[in-house]
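S.K.: Got a structure for you, written out below as structure tokens; questions coming shortly.
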Amino acid sequence: MKTSIDCIVLENQMLSEDIYRIILEKPIDMEKVHAGQFFHIQPAEGGDPFIRRPISICALEQDKLHLVIRKEGKGTQAICSKKPGDKLNLLGPLGNGFTVSNEKEKVIVVGGGIGTAPMLELTKNLQHKDVKVLLGYRKDPYLVEDFCKITPNVQVAVEEGPGDYRGFITDLLEKEIQKESADLIYACGPEIMLKKVQQIGFHFGIKTQLALEERMACGIGACLVCSCKVKAQENGWHFVRTCKEGPVFTGEEVIFDA
Ligand code: FES
């Protein structure tokens, strides 16, 4: 049974319009956290809004936890308004994160929009591999410098503004694979992007691990709000819970609706 923990806010930085980085004191007794897992965060103490919000882990330091949040509704607005010294109640870490092998393979990390956040901790864990990072934004990139501190192989695609590539991140991904293939693609972002990454993986014969951004309520597998389809072992498909069995699935197993 997961227990919730109160964490003290150390910093709150605005990274871009409606994008905030909240740095929290990481309790020493917090269980091991893996890239791709998330915390279910209570927006306000004992009240309104009541439902917790799932927020991916962006980065970990020995004694600090970084979360990057897009302010888009009442809940995330309350979380993003926290000031140093305030407390946030975290339930987690929850879900299954990315799988990282010890093999020295070629990997491509793809993050789209707020889906770039969990890829930062993942990229830190991939330094024994030949890693390339592709970040995609509609406009105004963020977190790019943080990625560049880990690897020089970072490219930015921006749909409406300056960047290394003008257009969709998935078009950049295809171009990069045509130049040099890879063994594995890790991706997080909106469903439309993940679906395309999955198709690219199938087309070029590259394995994929996809972190889904589903709506959640309980976050612990009880309410089924976050159900998604995966292939059944024999034939057909069945529903699983993104919060419990995911949020990371392989491209071979997850089924996106047409
Ligand atoms: Fe309730 Fe996943 S959010 S089962």
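Each chain in the structure tokens gets a letter, A, B, ..., in the order shown, and its residues are numbered from 1; ligands are numbered from 1 in order too.
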How close does chain A get to ligand 1? List, as JSON lines, each residue of chain A within 12 Å, its nearest atom pair and the distance in Å to one decimal, counting only C-alpha atoms and all ligand atoms.
M.R.:
{"residue": "A:Phe38", "atom": "CA", "partner": "ligand 1", "partner_atom_place_in_ligand_line": "3 (S)", "distance": 11.9}
{"residue": "A:Phe39", "atom": "CA", "partner": "ligand 1", "partner_atom_place_in_ligand_line": "3 (S)", "distance": 11.9}
{"residue": "A:His40", "atom": "CA", "partner": "ligand 1", "partner_atom_place_in_ligand_line": "3 (S)", "distance": 9.6}
{"residue": "A:Ile51", "atom": "CA", "partner": "ligand 1", "partner_atom_place_in_ligand_line": "3 (S)", "distance": 10.5}
{"residue": "A:Arg52", "atom": "CA", "partner": "ligand 1", "partner_atom_place_in_ligand_line": "3 (S)", "distance": 9.8}
{"residue": "A:Arg53", "atom": "CA", "partner": "ligand 1", "partner_atom_place_in_ligand_line": "3 (S)", "distance": 9.8}
{"residue": "A:Pro54", "atom": "CA", "partner": "ligand 1", "partner_atom_place_in_ligand_line": "3 (S)", "distance": 8.9}
{"residue": "A:Leu94", "atom": "CA", "partner": "ligand 1", "partner_atom_place_in_ligand_line": "2 (Fe)", "distance": 10.3}
{"residue": "A:Gly95", "atom": "CA", "partner": "ligand 1", "partner_atom_place_in_ligand_line": "2 (Fe)", "distance": 9.4}
{"residue": "A:Leu212", "atom": "CA", "partner": "ligand 1", "partner_atom_place_in_ligand_line": "2 (Fe)", "distance": 12.0}
{"residue": "A:Glu213", "atom": "CA", "partner": "ligand 1", "partner_atom_place_in_ligand_line": "3 (S)", "distance": 11.4}
{"residue": "A:Glu214", "atom": "CA", "partner": "ligand 1", "partner_atom_place_in_ligand_line": "3 (S)", "distance": 8.5}
{"residue": "A:Arg215", "atom": "CA", "partner": "ligand 1", "partner_atom_place_in_ligand_line": "3 (S)", "distance": 7.2}
{"residue": "A:Met216", "atom": "CA", "partner": "ligand 1", "partner_atom_place_in_ligand_line": "3 (S)", "distance": 3.8}
{"residue": "A:Ala217", "atom": "CA", "partner": "ligand 1", "partner_atom_place_in_ligand_line": "3 (S)", "distance": 4.2}
{"residue": "A:Cys218", "atom": "CA", "partner": "ligand 1", "partner_atom_place_in_ligand_line": "1 (Fe)", "distance": 4.0}
{"residue": "A:Gly219", "atom": "CA", "partner": "ligand 1", "partner_atom_place_in_ligand_line": "3 (S)", "distance": 3.9}
{"residue": "A:Ile220", "atom": "CA", "partner": "ligand 1", "partner_atom_place_in_ligand_line": "1 (Fe)", "distance": 5.7}
{"residue": "A:Gly221", "atom": "CA", "partner": "ligand 1", "partner_atom_place_in_ligand_line": "4 (S)", "distance": 3.4}
{"residue": "A:Ala222", "atom": "CA", "partner": "ligand 1", "partner_atom_place_in_ligand_line": "4 (S)", "distance": 4.4}
{"residue": "A:Cys223", "atom": "CA", "partner": "ligand 1", "partner_atom_place_in_ligand_line": "1 (Fe)", "distance": 3.8}
{"residue": "A:Leu224", "atom": "CA", "partner": "ligand 1", "partner_atom_place_in_ligand_line": "4 (S)", "distance": 3.7}
{"residue": "A:Val225", "atom": "CA", "partner": "ligand 1", "partner_atom_place_in_ligand_line": "1 (Fe)", "distance": 5.1}
{"residue": "A:Cys226", "atom": "CA", "partner": "ligand 1", "partner_atom_place_in_ligand_line": "2 (Fe)", "distance": 4.4}
{"residue": "A:Ser227", "atom": "CA", "partner": "ligand 1", "partner_atom_place_in_ligand_line": "2 (Fe)", "distance": 6.7}
{"residue": "A:Cys228", "atom": "CA", "partner": "ligand 1", "partner_atom_place_in_ligand_line": "2 (Fe)", "distance": 9.7}
{"residue": "A:Phe239", "atom": "CA", "partner": "ligand 1", "partner_atom_place_in_ligand_line": "4 (S)", "distance": 10.9}
{"residue": "A:Val240", "atom": "CA", "partner": "ligand 1", "partner_atom_place_in_ligand_line": "4 (S)", "distance": 8.7}
{"residue": "A:Arg241", "atom": "CA", "partner": "ligand 1", "partner_atom_place_in_ligand_line": "2 (Fe)", "distance": 5.2}
{"residue": "A:Thr242", "atom": "CA", "partner": "ligand 1", "partner_atom_place_in_ligand_line": "2 (Fe)", "distance": 5.8}
{"residue": "A:Cys243", "atom": "CA", "partner": "ligand 1", "partner_atom_place_in_ligand_line": "2 (Fe)", "distance": 4.4}
{"residue": "A:Lys244", "atom": "CA", "partner": "ligand 1", "partner_atom_place_in_ligand_line": "2 (Fe)", "distance": 6.3}
{"residue": "A:Glu245", "atom": "CA", "partner": "ligand 1", "partner_atom_place_in_ligand_line": "2 (Fe)", "distance": 9.0}
{"residue": "A:Gly246", "atom": "CA", "partner": "ligand 1", "partner_atom_place_in_ligand_line": "2 (Fe)", "distance": 9.2}
{"residue": "A:Pro247", "atom": "CA", "partner": "ligand 1", "partner_atom_place_in_ligand_line": "2 (Fe)", "distance": 9.6}
S.K.: Once you count only C-alpha atoms, what closest atom pair and distance in Å to one decimal does each residue of region 71-98 of chain A within 9 Å of region 12-33 of chain A have, with rows by chain and rising residue number, as a Markdown table?
M.R.:
| residue | atom | partner | partner_atom | distance |
| --- | --- | --- | --- | --- |
| A:Lys71 | CA | A:Asp18 | CA | 5.0 |
| A:Glu72 | CA | A:Asp18 | CA | 7.4 |
| A:Gln77 | CA | A:Asp18 | CA | 9.0 |
| A:Ile79 | CA | A:Ile22 | CA | 8.8 |
| A:Cys80 | CA | A:Tyr20 | CA | 6.4 |
| A:Ser81 | CA | A:Asn12 | CA | 8.2 |
| A:Lys82 | CA | A:Asn12 | CA | 7.1 |
| A:Lys83 | CA | A:Asn12 | CA | 6.3 |
| A:Pro84 | CA | A:Asn12 | CA | 6.8 |
| A:Lys87 | CA | A:Leu24 | CA | 8.7 |
| A:Leu88 | CA | A:Leu24 | CA | 8.4 |
| A:Gly92 | CA | A:Glu31 | CA | 8.5 |
| A:Pro93 | CA | A:Val33 | CA | 6.1 |
| A:Leu94 | CA | A:Val33 | CA | 8.8 |
| A:Gly97 | CA | A:Val33 | CA | 8.8 |
S.K.: Please determine, counting only C-alpha atoms, which residue among A:Gly85, A:Gly115, A:Gly236, A:Pro162 has the shortest atom-to-atom distance to Leu210 (chain A).
M.R.: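 Of A:Gly85, A:Gly115, A:Gly236, A:Pro162, the one nearest Leu210 (chain A), counting only C-alpha atoms, is A:Gly115.
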S.K.: Out of A:Phe202, A:Tyr137, A:Phe147, A:Tyr142, which residue has the shortest atom-to-atom distance to Glu160 (chain A) when counting only C-alpha atoms?
M.R.: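 Residue with the minimum atom-to-atom distance to Glu160 (chain A): A:Tyr137.
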S.K.: Just to confirm, what's the straight-line distance from CA of Asn102 (chain A) to CA of Lys132 (chain A) in Å (one decimal)?
M.R.: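 About the pair CA of Asn102 (chain A) and CA of Lys132 (chain A): they are 16.8 Å apart.
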S.K.: I need the residues in region 126-226 of chain A that are strand (DSSP E or B) according to DSSP; give them as a list in words.
M.R.: Asp130, Val131, Lys132, Val133, Leu134, Leu135, Gly136, Tyr137, Val154, Gln155, Val156, Ala157, Val158, Tyr165, Arg166, Leu184, Ile185, Tyr186, Ala187, Cys188, Lys207, Thr208, Gln209, Leu210 and Ala211 of chain A
S.K.: Write the residues you've just listed into a file as an mmCIF file, in the first residue's frame, and include N, CA, C and O atoms for each of them.
M.R.:
data_model
loop_
_atom_site.group_PDB
_atom_site.id
_atom_site.type_symbol
_atom_site.label_atom_id
_atom_site.label_comp_id
_atom_site.auth_asym_id
_atom_site.auth_seq_id
_atom_site.Cartn_x
_atom_site.Cartn_y
_atom_site.Cartn_z
ATOM 1 N N ASP A 130 24.552 4.924 -26.762
ATOM 2 C CA ASP A 130 24.722 5.931 -27.809
ATOM 3 C C ASP A 130 23.358 6.620 -27.931
ATOM 4 O O ASP A 130 22.442 6.069 -28.519
ATOM 5 N N VAL A 131 23.232 7.781 -27.324
ATOM 6 C CA VAL A 131 21.902 8.384 -27.207
ATOM 7 C C VAL A 131 21.768 9.681 -28.008
ATOM 8 O O VAL A 131 22.695 10.486 -28.084
ATOM 9 N N LYS A 132 20.602 9.806 -28.614
ATOM 10 C CA LYS A 132 20.250 11.006 -29.369
ATOM 11 C C LYS A 132 18.926 11.491 -28.783
ATOM 12 O O LYS A 132 18.029 10.669 -28.563
ATOM 13 N N VAL A 133 18.805 12.795 -28.541
ATOM 14 C CA VAL A 133 17.578 13.319 -27.942
ATOM 15 C C VAL A 133 16.876 14.256 -28.919
ATOM 16 O O VAL A 133 17.502 15.186 -29.450
ATOM 17 N N LEU A 134 15.607 14.018 -29.167
ATOM 18 C CA LEU A 134 14.805 14.895 -30.031
ATOM 19 C C LEU A 134 13.663 15.462 -29.197
ATOM 20 O O LEU A 134 12.875 14.714 -28.611
ATOM 21 N N LEU A 135 13.603 16.795 -29.144
ATOM 22 C CA LEU A 135 12.579 17.458 -28.332
ATOM 23 C C LEU A 135 11.661 18.252 -29.251
ATOM 24 O O LEU A 135 12.149 18.990 -30.117
ATOM 25 N N GLY A 136 10.357 18.130 -29.051
ATOM 26 C CA GLY A 136 9.418 18.822 -29.933
ATOM 27 C C GLY A 136 8.474 19.735 -29.173
ATOM 28 O O GLY A 136 7.987 19.387 -28.088
ATOM 29 N N TYR A 137 8.255 20.912 -29.715
ATOM 30 C CA TYR A 137 7.370 21.902 -29.074
ATOM 31 C C TYR A 137 6.528 22.578 -30.150
ATOM 32 O O TYR A 137 6.965 22.699 -31.298
ATOM 33 N N VAL A 154 21.463 16.747 -28.905
ATOM 34 C CA VAL A 154 20.084 17.190 -28.676
ATOM 35 C C VAL A 154 19.628 18.017 -29.872
ATOM 36 O O VAL A 154 20.342 18.929 -30.303
ATOM 37 N N GLN A 155 18.461 17.704 -30.400
ATOM 38 C CA GLN A 155 17.880 18.518 -31.482
ATOM 39 C C GLN A 155 16.471 18.920 -31.097
ATOM 40 O O GLN A 155 15.752 18.153 -30.448
ATOM 41 N N VAL A 156 16.109 20.117 -31.521
ATOM 42 C CA VAL A 156 14.816 20.669 -31.132
ATOM 43 C C VAL A 156 13.973 20.937 -32.377
ATOM 44 O O VAL A 156 14.434 21.608 -33.301
ATOM 45 N N ALA A 157 12.768 20.417 -32.374
ATOM 46 C CA ALA A 157 11.819 20.706 -33.464
ATOM 47 C C ALA A 157 10.740 21.633 -32.912
ATOM 48 O O ALA A 157 10.185 21.382 -31.843
ATOM 49 N N VAL A 158 10.500 22.721 -33.618
ATOM 50 C CA VAL A 158 9.479 23.668 -33.190
ATOM 51 C C VAL A 158 8.507 23.875 -34.350
ATOM 52 O O VAL A 158 8.939 24.119 -35.479
ATOM 53 N N TYR A 165 14.888 22.429 -36.178
ATOM 54 C CA TYR A 165 14.034 21.882 -37.224
ATOM 55 C C TYR A 165 12.660 22.535 -37.113
ATOM 56 O O TYR A 165 12.091 22.609 -36.022
ATOM 57 N N ARG A 166 12.133 23.020 -38.224
ATOM 58 C CA ARG A 166 10.811 23.661 -38.215
ATOM 59 C C ARG A 166 9.791 22.611 -38.648
ATOM 60 O O ARG A 166 9.797 22.186 -39.814
ATOM 61 N N LEU A 184 16.395 1.259 -30.385
ATOM 62 C CA LEU A 184 15.230 1.471 -29.521
ATOM 63 C C LEU A 184 14.859 2.958 -29.499
ATOM 64 O O LEU A 184 15.746 3.816 -29.504
ATOM 65 N N ILE A 185 13.560 3.220 -29.478
ATOM 66 C CA ILE A 185 13.080 4.604 -29.331
ATOM 67 C C ILE A 185 12.283 4.673 -28.035
ATOM 68 O O ILE A 185 11.385 3.850 -27.804
ATOM 69 N N TYR A 186 12.594 5.639 -27.206
ATOM 70 C CA TYR A 186 11.805 5.936 -26.011
ATOM 71 C C TYR A 186 11.008 7.205 -26.315
ATOM 72 O O TYR A 186 11.583 8.174 -26.826
ATOM 73 N N ALA A 187 9.715 7.224 -25.975
ATOM 74 C CA ALA A 187 8.937 8.437 -26.300
ATOM 75 C C ALA A 187 7.892 8.746 -25.230
ATOM 76 O O ALA A 187 7.330 7.847 -24.598
ATOM 77 N N CYS A 188 7.651 10.034 -25.053
ATOM 78 C CA CYS A 188 6.540 10.502 -24.218
ATOM 79 C C CYS A 188 6.008 11.782 -24.852
ATOM 80 O O CYS A 188 6.790 12.640 -25.282
ATOM 81 N N LYS A 207 12.358 -1.206 -31.962
ATOM 82 C CA LYS A 207 11.520 -1.364 -30.757
ATOM 83 C C LYS A 207 11.196 0.024 -30.186
ATOM 84 O O LYS A 207 11.997 0.950 -30.310
ATOM 85 N N THR A 208 10.045 0.123 -29.546
ATOM 86 C CA THR A 208 9.679 1.403 -28.917
ATOM 87 C C THR A 208 9.172 1.170 -27.494
ATOM 88 O O THR A 208 8.582 0.131 -27.210
ATOM 89 N N GLN A 209 9.418 2.141 -26.635
ATOM 90 C CA GLN A 209 8.787 2.197 -25.301
ATOM 91 C C GLN A 209 8.078 3.543 -25.230
ATOM 92 O O GLN A 209 8.720 4.590 -25.411
ATOM 93 N N LEU A 210 6.767 3.506 -24.969
ATOM 94 C CA LEU A 210 5.940 4.708 -25.053
ATOM 95 C C LEU A 210 5.298 5.010 -23.701
ATOM 96 O O LEU A 210 4.626 4.141 -23.130
ATOM 97 N N ALA A 211 5.502 6.222 -23.207
ATOM 98 C CA ALA A 211 4.878 6.626 -21.929
ATOM 99 C C ALA A 211 3.596 7.380 -22.244
ATOM 100 O O ALA A 211 3.633 8.450 -22.858
#
S.K.: When you count only C-alpha atoms, which of these residues is closest to Gln37 (chain A): A:Val197, A:Val107, A:Met119, A:Val9?
M.R.: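 Closest to Gln37 (chain A), using only C-alpha atoms: A:Met119.
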S.K.: So, counting only C-alpha atoms, which residue among A:Ser56, A:Gln42, A:Asn96, A:Gln198 is closest to Lys74 (chain A)?
M.R.: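 Ranked by minimum distance to Lys74 (chain A), first place goes to A:Gln42.
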S.K.: Counting only C-alpha atoms, which residue out of A:Pro49, A:Asp171, A:Ala35, A:Phe98 sits closest to Phe249 (chain A)?
M.R.: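 The closest residue to Phe249 (chain A) is A:Phe98.
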S.K.: Just how far from CA of Lys64 (chain A) is CA of Thr123 (chain A), in Å to one decimal?
M.R.: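 These two atoms are separated by 17.5 Å.
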S.K.: Using only C-alpha atoms, which of A:Asp164, A:Leu173, A:Gly251, A:Asp86 sits nearest Val109 (chain A)?
M.R.: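 Comparing A:Asp164, A:Leu173, A:Gly251, A:Asp86 against Val109 (chain A), the winner is A:Leu173.
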S.K.: If you run DSSP over the backbone, which residues in region 5-247 of chain A end up alpha helix (DSSP H)? Put them as a PDB file with C-alpha atoms, in the first residue's frame.
M.R.:
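Dumped everything to selection36.pdb:
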ATOM      1  CA  LYS A  74      -7.733  24.289 -11.550  1.00  0.00           C
ATOM      2  CA  GLY A  75      -5.644  21.463 -10.089  1.00  0.00           C
ATOM      3  CA  THR A  76      -2.388  22.184 -11.866  1.00  0.00           C
ATOM      4  CA  GLN A  77      -2.978  25.901 -11.316  1.00  0.00           C
ATOM      5  CA  ALA A  78      -3.063  25.276  -7.556  1.00  0.00           C
ATOM      6  CA  ILE A  79       0.106  23.153  -7.744  1.00  0.00           C
ATOM      7  CA  CYS A  80       1.933  25.735  -9.885  1.00  0.00           C
ATOM      8  CA  ALA A 117       9.813  16.311 -18.713  1.00  0.00           C
ATOM      9  CA  PRO A 118      10.093  12.580 -17.871  1.00  0.00           C
ATOM     10  CA  MET A 119      12.700  12.138 -20.612  1.00  0.00           C
ATOM     11  CA  LEU A 120      15.249  14.195 -18.662  1.00  0.00           C
ATOM     12  CA  GLU A 121      15.707  11.639 -15.870  1.00  0.00           C
ATOM     13  CA  LEU A 122      15.565   8.867 -18.473  1.00  0.00           C
ATOM     14  CA  THR A 123      18.359  10.497 -20.512  1.00  0.00           C
ATOM     15  CA  LYS A 124      20.511  10.668 -17.368  1.00  0.00           C
ATOM     16  CA  VAL A 144      16.640  22.145 -23.605  1.00  0.00           C
ATOM     17  CA  GLU A 145      19.642  23.392 -21.601  1.00  0.00           C
ATOM     18  CA  ASP A 146      19.039  20.686 -19.011  1.00  0.00           C
ATOM     19  CA  PHE A 147      19.240  18.002 -21.714  1.00  0.00           C
ATOM     20  CA  CYS A 148      22.343  19.631 -23.237  1.00  0.00           C
ATOM     21  CA  ILE A 169       9.060  16.100 -34.015  1.00  0.00           C
ATOM     22  CA  THR A 170       7.982  12.862 -35.712  1.00  0.00           C
ATOM     23  CA  ASP A 171       9.143  14.168 -39.120  1.00  0.00           C
ATOM     24  CA  LEU A 172      12.515  14.960 -37.559  1.00  0.00           C
ATOM     25  CA  LEU A 173      12.565  11.465 -36.022  1.00  0.00           C
ATOM     26  CA  GLU A 174      12.003   9.875 -39.436  1.00  0.00           C
ATOM     27  CA  LYS A 175      14.766  11.946 -41.005  1.00  0.00           C
ATOM     28  CA  GLU A 176      17.210  11.018 -38.241  1.00  0.00           C
ATOM     29  CA  ILE A 177      16.426   7.315 -38.618  1.00  0.00           C
ATOM     30  CA  GLN A 178      16.934   7.528 -42.377  1.00  0.00           C
ATOM     31  CA  LYS A 179      20.418   8.950 -41.666  1.00  0.00           C
ATOM     32  CA  GLU A 191      -1.195  10.398 -28.134  1.00  0.00           C
ATOM     33  CA  ILE A 192      -1.047  11.575 -31.743  1.00  0.00           C
ATOM     34  CA  MET A 193       2.744  11.776 -31.444  1.00  0.00           C
ATOM     35  CA  LEU A 194       3.063   8.396 -29.713  1.00  0.00           C
ATOM     36  CA  LYS A 195       0.918   6.761 -32.352  1.00  0.00           C
ATOM     37  CA  LYS A 196       3.195   8.109 -35.074  1.00  0.00           C
ATOM     38  CA  VAL A 197       6.323   7.018 -33.161  1.00  0.00           C
ATOM     39  CA  GLN A 198       4.805   3.544 -32.875  1.00  0.00           C
ATOM     40  CA  GLN A 199       4.184   3.471 -36.666  1.00  0.00           C
ATOM     41  CA  ILE A 200       7.735   4.675 -37.348  1.00  0.00           C
ATOM     42  CA  GLY A 201       9.039   1.929 -35.070  1.00  0.00           C
ATOM     43  CA  PHE A 202       7.045  -0.709 -36.960  1.00  0.00           C
ATOM     44  CA  HIS A 203       8.092   0.686 -40.336  1.00  0.00           C
ATOM     45  CA  PHE A 204      11.822   0.709 -39.587  1.00  0.00           C
TER      46      PHE A 204
END
S.K.: Could you state the separation of CA of Thr99 (chain A) and CA of His238 (chain A) in Å, given to one decimal place?
M.R.: 22.4 Å
S.K.: Using only C-alpha atoms, which protein or nucleic acid residues come within 8 Å of Gly161 (chain A)? Drop anything in the same chain fewer than 2 positions from it, and give the result as JSON, numbers by chain.
M.R.: {"A": [138, 139, 140, 158, 159, 163, 166]}
S.K.: Store the residues picked out above in a file with all heavy atoms, as a short mmCIF file (atom, residue, chain, number, x, y, z; two decimals), in the first residue's frame.
M.R.:
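File out_19.cif, as written:
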data_model
loop_
_atom_site.label_atom_id
_atom_site.label_comp_id
_atom_site.auth_asym_id
_atom_site.auth_seq_id
_atom_site.Cartn_x
_atom_site.Cartn_y
_atom_site.Cartn_z
N ARG A 138 5.36 23.09 -29.73
CA ARG A 138 4.60 23.91 -30.69
C ARG A 138 5.34 25.23 -30.86
O ARG A 138 5.61 25.66 -31.95
CB ARG A 138 3.18 24.13 -30.15
CG ARG A 138 2.35 24.93 -31.12
CD ARG A 138 0.88 24.72 -30.93
NE ARG A 138 0.51 23.34 -31.13
CZ ARG A 138 -0.49 22.73 -30.49
NH1 ARG A 138 -1.20 23.38 -29.62
NH2 ARG A 138 -0.78 21.48 -30.74
N LYS A 139 5.67 25.91 -29.76
CA LYS A 139 6.55 27.10 -29.78
C LYS A 139 7.30 27.12 -28.45
O LYS A 139 7.20 26.18 -27.69
CB LYS A 139 5.75 28.38 -30.01
CG LYS A 139 4.43 28.50 -29.29
CD LYS A 139 3.68 29.76 -29.69
CE LYS A 139 2.39 29.84 -28.87
NZ LYS A 139 1.64 31.03 -29.09
N ASP A 140 8.10 28.09 -28.17
CA ASP A 140 8.80 28.27 -26.91
C ASP A 140 9.32 26.99 -26.23
O ASP A 140 8.69 26.47 -25.30
CB ASP A 140 7.89 29.00 -25.90
CG ASP A 140 7.44 30.34 -26.43
OD1 ASP A 140 8.18 30.91 -27.25
OD2 ASP A 140 6.36 30.81 -26.03
N VAL A 158 10.50 22.72 -33.62
CA VAL A 158 9.48 23.67 -33.19
C VAL A 158 8.51 23.87 -34.35
O VAL A 158 8.94 24.12 -35.48
CB VAL A 158 10.11 25.02 -32.75
CG1 VAL A 158 9.04 25.96 -32.22
CG2 VAL A 158 11.15 24.79 -31.67
N GLU A 159 7.23 23.75 -34.06
CA GLU A 159 6.23 23.87 -35.13
C GLU A 159 6.04 25.33 -35.57
O GLU A 159 5.87 25.61 -36.74
CB GLU A 159 4.89 23.28 -34.67
CG GLU A 159 4.94 21.77 -34.53
CD GLU A 159 3.76 21.22 -33.76
OE1 GLU A 159 2.64 21.73 -33.94
OE2 GLU A 159 3.96 20.29 -32.96
N GLY A 163 14.05 26.89 -34.31
CA GLY A 163 14.55 25.68 -33.67
C GLY A 163 15.51 25.03 -34.64
O GLY A 163 15.74 25.55 -35.74
N ARG A 166 12.13 23.02 -38.22
CA ARG A 166 10.81 23.66 -38.21
C ARG A 166 9.79 22.61 -38.65
O ARG A 166 9.80 22.19 -39.81
CB ARG A 166 10.82 24.84 -39.19
CG ARG A 166 9.51 25.58 -39.31
CD ARG A 166 9.41 26.59 -38.20
NE ARG A 166 8.17 27.35 -38.26
CZ ARG A 166 8.09 28.61 -38.68
NH1 ARG A 166 9.15 29.24 -39.10
NH2 ARG A 166 6.93 29.23 -38.67
#
